[in-house]
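J.: If it helps, the file is called run_37.txt and holds compact mmCIF, C-alpha atoms:
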# COMPACT_ATOMS: atom_id res chain seq x y z
CA MET Z 1 149.76 57.28 34.28
CA THR Z 2 148.32 60.79 34.28
CA ALA Z 3 149.83 63.69 32.38
CA THR Z 4 151.46 64.81 35.63
CA GLY Z 5 153.02 61.40 36.22
CA LYS Z 6 150.81 60.33 39.13
CA ASN Z 7 149.60 56.74 39.29
CA LEU Z 8 146.01 55.94 38.44
CA SER Z 9 144.16 52.87 39.71
CA ILE Z 10 142.99 50.78 36.78
CA ARG Z 11 139.66 49.01 37.17
CA LYS Z 12 139.85 45.33 36.32
CA PRO Z 13 137.04 43.78 34.26
CA GLY Z 14 134.06 43.02 36.51
CA GLU Z 15 135.49 44.97 39.46
CA ARG Z 16 133.11 47.44 41.06
CA MET Z 17 134.34 51.02 40.97
CA SER Z 18 133.39 51.51 44.63
CA THR Z 19 136.12 49.07 45.67
CA LEU Z 20 138.74 51.44 44.27
CA LEU Z 21 137.57 54.47 46.20
CA ASN Z 22 138.85 55.20 49.69
CA PRO Z 23 136.02 55.25 52.25
CA VAL Z 24 135.13 58.63 53.68
CA PRO Z 25 137.04 59.04 56.97
CA VAL Z 26 134.65 59.17 59.91
CA LYS Z 27 136.08 62.50 61.16
CA ASP Z 28 136.58 64.12 57.74
CA VAL Z 29 134.88 67.53 57.84
CA ALA Z 30 132.67 68.62 54.94
CA VAL Z 31 133.45 71.97 53.35
CA ILE Z 32 129.75 72.82 52.97
CA GLN Z 33 127.71 72.37 56.14
CA PRO Z 34 123.92 72.56 56.50
CA ARG Z 35 123.08 75.66 58.51
CA LYS Z 36 120.29 77.99 59.52
CA GLY Z 37 120.07 81.09 57.37
CA ASN Z 38 118.94 84.49 58.61
CA ASN Z 39 115.47 84.07 57.11
CA ASP Z 40 115.02 80.41 57.99
CA PRO Z 41 112.54 79.35 60.67
CA ALA Z 42 113.63 77.67 63.89
CA LEU Z 43 111.85 74.32 63.88
CA GLY Z 44 110.54 72.28 66.76
CA PRO Z 45 111.81 68.73 67.26
CA ASP Z 46 109.04 67.01 65.27
CA VAL Z 47 109.16 67.19 61.46
CA LEU Z 48 107.08 65.22 58.96
CA MET Z 49 108.86 64.86 55.61
CA VAL Z 50 106.32 64.40 52.80
CA ALA Z 51 107.67 63.05 49.54
CA ILE Z 52 104.76 63.69 47.17
CA SER Z 53 103.71 67.23 46.27
CA GLN Z 54 99.94 66.64 46.34
CA ASP Z 55 100.12 64.99 49.76
CA LEU Z 56 102.20 67.90 51.08
CA ALA Z 57 99.81 70.50 49.64
CA ARG Z 58 96.79 68.83 51.22
CA LEU Z 59 98.36 68.35 54.65
CA SER Z 60 99.67 71.92 54.75
CA GLN Z 61 96.13 73.21 54.26
CA ILE Z 62 94.42 71.16 56.98
CA LYS Z 63 95.56 73.66 59.59
CA SER Z 64 96.96 77.14 59.31
CA MET Z 65 100.67 76.94 58.57
CA GLY Z 66 103.31 79.43 57.57
CA GLY Z 67 105.26 78.55 54.42
CA PHE Z 68 108.99 78.99 53.86
CA ASP Z 69 110.41 78.53 50.35
CA GLN Z 70 113.76 76.74 50.44
CA GLY Z 71 114.29 76.80 46.68
CA PHE Z 72 113.92 73.13 45.80
CA PHE Z 73 111.54 72.28 48.65
CA GLN Z 74 109.22 73.96 51.13
CA ILE Z 75 108.80 74.04 54.88
CA PHE Z 76 105.41 74.55 56.51
CA GLN Z 77 105.37 75.35 60.20
CA MET Z 78 102.58 75.32 62.74
CA LYS Z 79 103.36 77.05 66.03
CA ASP Z 80 101.95 75.84 69.31
CA GLN Z 81 101.92 77.57 72.68
CA THR Z 82 105.53 76.54 73.34
CA GLY Z 83 106.75 77.79 69.95
CA ALA Z 84 107.80 74.29 68.94
CA GLY Z 85 104.92 72.96 66.87
CA LEU Z 86 104.84 70.51 63.98
CA SER Z 87 106.64 71.26 60.72
CA LEU Z 88 106.18 69.71 57.28
CA ALA Z 89 108.97 69.53 54.70
CA GLY Z 90 109.01 68.44 51.07
CA PRO Z 91 108.45 67.42 48.39
CA PHE Z 92 111.46 65.36 47.34
CA LEU Z 93 112.36 62.63 44.87
CA GLY Z 94 115.30 60.27 45.29
CA ALA Z 95 117.99 59.92 47.92
CA PRO Z 96 120.12 63.03 47.17
CA GLN Z 97 117.24 65.49 47.37
CA ALA Z 98 115.63 63.73 50.34
CA VAL Z 99 118.90 63.87 52.27
CA MET Z 100 119.33 67.56 51.49
CA VAL Z 101 115.82 68.24 52.81
CA MET Z 102 116.48 66.25 55.96
CA GLU Z 103 119.91 67.84 56.52
CA LYS Z 104 118.30 71.28 56.39
CA THR Z 105 115.50 70.39 58.79
CA ILE Z 106 118.03 68.95 61.25
CA ALA Z 107 120.05 72.16 61.03
CA LEU Z 108 116.85 74.06 61.85
CA GLY Z 109 116.08 71.95 64.92
CA ALA Z 110 114.50 68.63 63.89
CA LYS Z 111 115.14 65.71 66.25
CA ARG Z 112 112.32 63.28 65.44
CA ILE Z 113 111.48 62.81 61.77
CA GLY Z 114 108.64 60.97 60.11
CA VAL Z 115 108.68 60.11 56.41
CA PHE Z 116 105.48 59.80 54.37
CA GLY Z 117 105.83 58.42 50.85
CA TRP Z 118 104.89 55.78 48.29
CA CYS Z 119 106.40 52.42 47.35
CA GLY Z 120 106.09 49.53 44.88
CA SER Z 121 105.16 46.10 46.22
CA LEU Z 122 107.49 43.12 45.75
CA GLN Z 123 105.22 40.64 47.58
CA PRO Z 124 102.00 39.04 46.26
CA ASP Z 125 100.19 39.63 49.55
CA LEU Z 126 101.09 43.33 49.61
CA ARG Z 127 98.66 45.15 47.36
CA ILE Z 128 97.95 48.68 46.16
CA GLY Z 129 96.84 50.83 49.09
CA ASP Z 130 98.53 48.72 51.77
CA PHE Z 131 100.77 50.34 54.39
CA VAL Z 132 104.46 49.58 54.95
CA ILE Z 133 106.59 50.58 57.93
CA PRO Z 134 110.25 50.29 56.86
CA LEU Z 135 112.48 48.77 59.54
CA ASN Z 136 115.63 48.90 57.41
CA ALA Z 137 116.58 49.26 53.76
CA ILE Z 138 118.83 47.75 51.13
CA ALA Z 139 120.88 50.61 49.71
CA GLU Z 140 121.15 50.74 45.93
CA GLU Z 141 121.55 54.51 45.91
CA GLY Z 142 124.69 56.57 45.87
CA THR Z 143 124.14 58.88 48.84
CA SER Z 144 124.45 56.61 51.88
CA LYS Z 145 128.13 55.82 51.34
CA HIS Z 146 128.99 59.49 51.86
CA TYR Z 147 127.75 59.24 55.47
CA PRO Z 148 130.07 56.81 57.29
CA VAL Z 149 128.30 55.09 60.17
CA ARG Z 150 129.54 52.25 62.32
CA LYS Z 151 126.24 50.35 62.31
CA ARG Z 152 126.37 47.63 59.68
CA ASN Z 153 122.63 47.57 59.07
CA PRO Z 154 121.07 50.77 60.41
CA GLY Z 155 117.32 50.89 60.87
CA THR Z 156 114.45 53.15 61.77
CA ASP Z 157 113.85 54.01 65.41
CA PRO Z 158 112.08 51.20 67.35
CA GLY Z 159 110.36 53.66 69.69
CA LEU Z 160 108.89 55.78 66.90
CA ASN Z 161 107.90 52.64 65.03
CA GLN Z 162 106.01 51.30 68.02
CA VAL Z 163 104.12 54.55 68.48
CA LEU Z 164 103.22 54.48 64.78
CA GLU Z 165 102.13 50.84 64.96
CA GLN Z 166 99.89 51.55 67.95
CA ALA Z 167 98.29 54.50 66.18
CA LEU Z 168 97.54 52.37 63.10
CA GLU Z 169 96.09 49.59 65.24
CA GLN Z 170 93.86 52.03 67.12
CA GLU Z 171 92.45 53.21 63.79
CA GLY Z 172 91.91 49.62 62.63
CA LEU Z 173 94.43 50.03 59.80
CA SER Z 174 96.52 46.98 58.90
CA PHE Z 175 100.18 47.31 57.94
CA ARG Z 176 103.34 45.35 57.19
CA LYS Z 177 106.78 46.07 58.57
CA GLY Z 178 110.15 44.95 57.29
CA THR Z 179 112.91 45.63 54.79
CA VAL Z 180 112.56 47.83 51.71
CA TRP Z 181 114.82 48.23 48.70
CA THR Z 182 116.01 51.74 47.88
CA THR Z 183 117.03 52.44 44.30
CA ASP Z 184 118.22 55.44 42.31
CA ALA Z 185 117.03 53.92 39.04
CA PRO Z 186 113.31 53.12 38.79
CA TYR Z 187 113.76 52.13 35.15
CA ARG Z 188 116.37 49.55 36.20
CA GLU Z 189 114.19 47.61 38.61
CA THR Z 190 115.04 44.50 36.64
CA ALA Z 191 113.26 41.16 36.71
CA SER Z 192 116.26 39.44 38.28
CA LYS Z 193 116.41 41.98 41.10
CA VAL Z 194 112.68 41.82 41.73
CA LYS Z 195 112.82 38.01 41.93
CA THR Z 196 115.88 38.07 44.20
CA TYR Z 197 114.49 40.59 46.66
CA ARG Z 198 111.03 39.02 46.58
CA ALA Z 199 112.57 35.67 47.53
CA LYS Z 200 114.44 37.34 50.41
CA GLY Z 201 111.20 38.75 51.80
CA VAL Z 202 111.90 42.38 50.93
CA LEU Z 203 108.54 44.12 51.03
CA ALA Z 204 108.79 46.99 48.59
CA VAL Z 205 110.95 49.26 46.47
CA GLU Z 206 111.25 53.04 46.86
CA MET Z 207 113.87 55.76 46.38
CA GLU Z 208 114.86 57.38 49.69
CA MET Z 209 114.66 55.33 52.88
CA SER Z 210 118.15 53.78 53.02
CA ALA Z 211 119.81 57.19 52.70
CA LEU Z 212 117.48 58.82 55.22
CA ILE Z 213 118.05 56.03 57.75
CA THR Z 214 121.81 56.33 57.33
CA LEU Z 215 121.65 60.11 57.74
CA ALA Z 216 119.54 59.73 60.89
CA VAL Z 217 122.22 57.52 62.44
CA TYR Z 218 124.99 59.86 61.28
CA ARG Z 219 123.27 62.95 62.74
CA SER Z 220 121.95 61.15 65.86
CA VAL Z 221 118.28 61.87 65.22
CA MET Z 222 115.25 59.55 65.28
CA ILE Z 223 113.39 58.48 62.15
CA SER Z 224 110.35 56.41 61.22
CA GLY Z 225 108.39 56.03 58.01
CA LEU Z 226 105.00 55.12 56.61
CA LEU Z 227 104.75 54.19 52.93
CA VAL Z 228 101.63 53.53 50.87
CA VAL Z 229 101.83 50.92 48.11
CA SER Z 230 101.22 52.78 44.86
CA ASP Z 231 102.12 50.05 42.36
CA GLU Z 232 102.98 46.35 42.15
CA LEU Z 233 105.96 44.57 40.56
CA PHE Z 234 105.94 41.13 42.22
CA ASP Z 235 104.71 39.23 39.13
CA LEU Z 236 107.30 40.97 36.93
CA LYS Z 237 104.63 43.20 35.40
CA TRP Z 238 104.03 46.81 36.37
CA HIS Z 239 100.58 47.29 37.85
CA ARG Z 240 99.99 50.99 38.50
CA GLY Z 241 97.58 52.13 41.17
CA PHE Z 242 98.21 55.87 41.22
CA SER Z 243 94.64 56.62 40.09
CA SER Z 244 93.02 53.88 42.16
CA PRO Z 245 90.28 55.10 44.55
CA VAL Z 246 91.61 52.67 47.15
CA PHE Z 247 95.12 54.12 46.86
CA LYS Z 248 93.86 57.70 47.09
CA LYS Z 249 91.78 56.85 50.17
CA ARG Z 250 94.73 55.20 51.87
CA CYS Z 251 96.96 58.19 51.18
CA LEU Z 252 94.37 60.38 52.88
CA GLN Z 253 94.24 58.02 55.86
CA ALA Z 254 98.02 57.79 56.16
CA GLY Z 255 98.57 61.53 55.94
CA ASN Z 256 95.82 62.34 58.42
CA LEU Z 257 97.11 59.76 60.89
CA LEU Z 258 100.68 61.04 60.70
CA LEU Z 259 99.56 64.64 61.06
CA LYS Z 260 97.49 63.76 64.12
CA LEU Z 261 100.31 61.67 65.58
CA PHE Z 262 102.85 64.45 65.28
CA GLU Z 263 100.49 67.26 66.21
CA ASP Z 264 98.32 65.67 68.90
CA GLU Z 265 96.20 68.30 70.64
CA ASP Z 266 96.49 66.29 73.85
CA SER Z 267 100.27 66.48 73.72
CA GLN Z 268 102.30 69.63 73.23
CA ARG Z 269 105.45 67.62 72.63
CA GLY Z 270 104.18 65.17 70.03
CA PHE Z 271 106.15 61.99 69.58
CA LEU Z 272 108.42 62.53 72.59
CA THR Z 273 105.57 62.54 75.11
CA LYS Z 274 104.10 59.40 73.56
CA ILE Z 275 107.43 57.59 73.69
CA ASN Z 276 108.07 58.62 77.31
CA SER Z 277 104.59 57.54 78.38
CA ARG Z 278 105.06 54.19 76.65
CA GLU Z 279 108.40 53.63 78.41
CA THR Z 280 106.85 54.58 81.76
CA ARG Z 281 104.09 51.99 81.31
CA THR Z 282 106.62 49.30 80.51
For the structure just supplied, provide its representation as structure tokens.
T.:
Amino acid sequence: MTATGKNLSIRKPGERMSTLLNPVPVKDVAVIQPRKGNNDPALGPDVLMVAISQDLARLSQIKSMGGFDQGFFQIFQMKDQTGAGLSLAGPFLGAPQAVMVMEKTIALGAKRIGVFGWCGSLQPDLRIGDFVIPLNAIAEEGTSKHYPVRKRNPGTDPGLNQVLEQALEQEGLSFRKGTVWTTDAPYRETASKVKTYRAKGVLAVEMEMSALITLAVYRSVMISGLLVVSDELFDLKWHRGFSSPVFKKRCLQAGNLLLKLFEDEDSQRGFLTKINSRETRT
């Protein structure tokens, strides 16, 4: 009992706390809503979210872009003749910050979102520098549950994924696609979890994708991702590749490809034109 006499639920030994909490009602309205401020830019539909600060800095300097400081992240915008050019947003670390970045970009106009980040391999045949396209994600983060969606296993957008796959194939760049594991606790990637997810065929571990996928479904926007393997955990030892020349080269290739894909000079509408042309051919 509380001091005011109201009943408290008591957690039984071994019972997960989440089972005691009422799910968020689908139509429950949040008190704080993402919105466009007076000094915020209006974004075009295509936004590339870049997780790592050095990748974001390099990509933002390839072409002339205007920068907008959002406090805990930045937006870089490149205008085209229609006023709806590519935007970059980041950096971010972990599901809560990544979701806040994505919420803001959606409020500013984003409809099709690409995610560029790093991941740790859980499979022996997935090595440092390899590319991963996440199709779905196992959520071991605390943000997704705050966005109630009716899809039991939400995934990235098949159309965006196919465009990304075709672009990689045209450049002769191999990749893997499948499930990733999203965690809030990189120092609790335990041996038992690594072995379990490795046996289930989960490709890699990272810190944002499950929450971003859930948010995309909740906000009815499209999302795809390209991750570069930065380290390996599959043999229950941590093999770091952050300084590897191969890893650095692959990050350059991935970033350049995504930038070109979103900001194709032959297409003023980026991803949307590519998806429409693909559907027309089929």
J.: What are the closest atom pairs, with distances in Å to one decimal, for each residue of stretch 145-228 of chain Z lying within 10 Å of stretch 45-52 of chain Z, using only C-alpha atoms, rows by chain and rising residue number, as JSON lines?
T.:
{"residue": "Z:Glu208", "atom": "CA", "partner": "Z:Ala51", "partner_atom": "CA", "distance": 9.2}
{"residue": "Z:Val221", "atom": "CA", "partner": "Z:Pro45", "partner_atom": "CA", "distance": 9.6}
{"residue": "Z:Met222", "atom": "CA", "partner": "Z:Asp46", "partner_atom": "CA", "distance": 9.7}
{"residue": "Z:Ile223", "atom": "CA", "partner": "Z:Val47", "partner_atom": "CA", "distance": 9.7}
{"residue": "Z:Ser224", "atom": "CA", "partner": "Z:Leu48", "partner_atom": "CA", "distance": 9.7}
{"residue": "Z:Gly225", "atom": "CA", "partner": "Z:Met49", "partner_atom": "CA", "distance": 9.2}
{"residue": "Z:Leu227", "atom": "CA", "partner": "Z:Ala51", "partner_atom": "CA", "distance": 9.9}
J.: Need the shell around Z:Ala139: protein/DNA/RNA residues with any atom at most 8 Å away, counting all atoms listed in the file. Skip same-chain ones fewer than 5 positions apart. Format as a list in words?
T.: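 Near Z:Ala139, the qualifying residues are Ser144, Trp181, Thr182, Thr183, Ser210 and Ala211 of chain Z.
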J.: How would you write as number ranges by chain the residues that get within 10 Å of (118.9, 68.8, 61.3) in the file's frame, counting only C-alpha atoms?
T.: Z: 34-36, 43, 45, 47, 100-113, 215-216, 219-221
J.: Set the distance at 10 Å and use only C-alpha atoms: which residues neighbour stretch 190-201 of chain Z once local chain neighbours fewer than 2 positions away are removed? I'd like the list as a compact mmCIF listing (two decimals) with C-alpha atoms, in the coordinates of the input.
T.:
# COMPACT_ATOMS: atom_id res chain seq x y z
CA SER Z 121 105.16 46.10 46.22
CA LEU Z 122 107.49 43.12 45.75
CA GLN Z 123 105.22 40.64 47.58
CA PRO Z 124 102.00 39.04 46.26
CA ILE Z 138 118.83 47.75 51.13
CA GLY Z 178 110.15 44.95 57.29
CA THR Z 179 112.91 45.63 54.79
CA VAL Z 180 112.56 47.83 51.71
CA TRP Z 181 114.82 48.23 48.70
CA ALA Z 185 117.03 53.92 39.04
CA PRO Z 186 113.31 53.12 38.79
CA TYR Z 187 113.76 52.13 35.15
CA ARG Z 188 116.37 49.55 36.20
CA LEU Z 203 108.54 44.12 51.03
CA ALA Z 204 108.79 46.99 48.59
CA VAL Z 205 110.95 49.26 46.47
CA LEU Z 233 105.96 44.57 40.56
CA PHE Z 234 105.94 41.13 42.22
CA ASP Z 235 104.71 39.23 39.13
CA LEU Z 236 107.30 40.97 36.93
CA LYS Z 237 104.63 43.20 35.40
J.: Got a sec: who's within 8 Å of stretch 156-164 of chain Z, counting all atoms listed in the file, leaving out chain neighbours fewer than 3 positions off, as an mmCIF file with C-alpha atoms, in the frame of the given file?
T.:
data_model
loop_
_atom_site.group_PDB
_atom_site.id
_atom_site.type_symbol
_atom_site.label_atom_id
_atom_site.label_comp_id
_atom_site.auth_asym_id
_atom_site.auth_seq_id
_atom_site.Cartn_x
_atom_site.Cartn_y
_atom_site.Cartn_z
ATOM 1 C CA ILE Z 133 106.590 50.580 57.930
ATOM 2 C CA PRO Z 134 110.250 50.290 56.860
ATOM 3 C CA LEU Z 135 112.480 48.770 59.540
ATOM 4 C CA ASN Z 136 115.630 48.900 57.410
ATOM 5 C CA ALA Z 167 98.290 54.500 66.180
ATOM 6 C CA LEU Z 168 97.540 52.370 63.100
ATOM 7 C CA ILE Z 213 118.050 56.030 57.750
ATOM 8 C CA MET Z 222 115.250 59.550 65.280
ATOM 9 C CA ILE Z 223 113.390 58.480 62.150
ATOM 10 C CA SER Z 224 110.350 56.410 61.220
ATOM 11 C CA GLY Z 225 108.390 56.030 58.010
ATOM 12 C CA LEU Z 261 100.310 61.670 65.580
ATOM 13 C CA PHE Z 271 106.150 61.990 69.580
ATOM 14 C CA LYS Z 274 104.100 59.400 73.560
ATOM 15 C CA ILE Z 275 107.430 57.590 73.690
#
J.: To one decimal place in Å, what is the distance between atom CA of Z:Lys151 and atom CA of Z:Ile32?
T.: 24.6 Å
J.: Quote the spacing between atom CA of Z:Glu189 and atom CA of Z:Leu93 in Å to one decimal place.
T.: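 So the answer is 16.4 Å.
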J.: Nearest residue to Z:Pro245 out of Z:Leu212, Z:Ile128, Z:Val202, Z:Leu257, using all atoms listed in the file?
T.: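 Ranking Z:Leu212, Z:Ile128, Z:Val202, Z:Leu257 by distance to Z:Pro245, first place goes to Z:Ile128.
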J.: So the first atom is atom CA of Z:Gln253 and the second is atom CA of Z:Gln70; what is the distance between them in Å, to one decimal place?
T.: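 Calculated distance between atom CA of Z:Gln253 and atom CA of Z:Gln70 is 27.6 Å.
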J.: Which residue, Z:Leu59, Z:Ala137, Z:Val246, Z:Ala89, has the smallest gap to Z:Val115 when you use all atoms listed in the file?
T.: Z:Ala89
J.: Keeping N, CA and C atoms (and nothing else), can you write stretch 188-210 of chain Z of this structure as a compact mmCIF listing (two decimals), in the first residue's frame?
T.:
# COMPACT_ATOMS: atom_id res chain seq x y z
N ARG Z 188 26.68 -5.22 -21.99
CA ARG Z 188 25.93 -6.41 -21.57
C ARG Z 188 25.57 -7.27 -22.77
N GLU Z 189 26.42 -7.24 -23.78
CA GLU Z 189 26.30 -8.17 -24.90
C GLU Z 189 26.95 -9.47 -24.45
N THR Z 190 26.22 -10.24 -23.67
CA THR Z 190 26.78 -11.38 -22.97
C THR Z 190 27.04 -12.56 -23.91
N ALA Z 191 27.88 -13.47 -23.44
CA ALA Z 191 28.21 -14.65 -24.24
C ALA Z 191 26.97 -15.47 -24.57
N SER Z 192 26.08 -15.61 -23.61
CA SER Z 192 24.87 -16.41 -23.85
C SER Z 192 23.98 -15.77 -24.91
N LYS Z 193 23.88 -14.46 -24.89
CA LYS Z 193 23.08 -13.77 -25.91
C LYS Z 193 23.73 -13.87 -27.28
N VAL Z 194 25.02 -13.67 -27.33
CA VAL Z 194 25.72 -13.77 -28.61
C VAL Z 194 25.53 -15.16 -29.21
N LYS Z 195 25.69 -16.20 -28.40
CA LYS Z 195 25.52 -17.57 -28.89
C LYS Z 195 24.08 -17.83 -29.34
N THR Z 196 23.12 -17.33 -28.58
CA THR Z 196 21.71 -17.54 -28.92
C THR Z 196 21.35 -16.86 -30.24
N TYR Z 197 21.72 -15.61 -30.38
CA TYR Z 197 21.37 -14.88 -31.60
C TYR Z 197 22.18 -15.36 -32.80
N ARG Z 198 23.42 -15.75 -32.56
CA ARG Z 198 24.22 -16.32 -33.65
C ARG Z 198 23.56 -17.59 -34.18
N ALA Z 199 23.09 -18.44 -33.28
CA ALA Z 199 22.44 -19.69 -33.68
C ALA Z 199 21.14 -19.43 -34.44
N LYS Z 200 20.48 -18.32 -34.15
CA LYS Z 200 19.23 -17.97 -34.82
C LYS Z 200 19.46 -17.26 -36.16
N GLY Z 201 20.71 -17.03 -36.50
CA GLY Z 201 21.02 -16.40 -37.78
C GLY Z 201 20.98 -14.89 -37.75
N VAL Z 202 20.90 -14.28 -36.57
CA VAL Z 202 20.94 -12.82 -36.47
C VAL Z 202 22.31 -12.35 -36.93
N LEU Z 203 22.33 -11.36 -37.80
CA LEU Z 203 23.58 -10.96 -38.44
C LEU Z 203 24.51 -10.14 -37.54
N ALA Z 204 23.93 -9.17 -36.84
CA ALA Z 204 24.79 -8.20 -36.16
C ALA Z 204 24.06 -7.54 -35.01
N VAL Z 205 24.83 -6.84 -34.19
CA VAL Z 205 24.27 -6.09 -33.06
C VAL Z 205 24.58 -4.61 -33.25
N GLU Z 206 23.61 -3.77 -32.92
CA GLU Z 206 23.78 -2.31 -33.00
C GLU Z 206 22.84 -1.69 -31.98
N MET Z 207 22.60 -0.39 -32.04
CA MET Z 207 21.92 0.28 -30.93
C MET Z 207 20.70 1.12 -31.30
N GLU Z 208 20.25 1.08 -32.55
CA GLU Z 208 19.16 1.99 -32.93
C GLU Z 208 18.06 1.40 -33.80
N MET Z 209 18.35 0.41 -34.63
CA MET Z 209 17.46 0.07 -35.74
C MET Z 209 16.06 -0.35 -35.31
N SER Z 210 15.91 -1.13 -34.25
CA SER Z 210 14.57 -1.59 -33.88
C SER Z 210 13.66 -0.42 -33.53
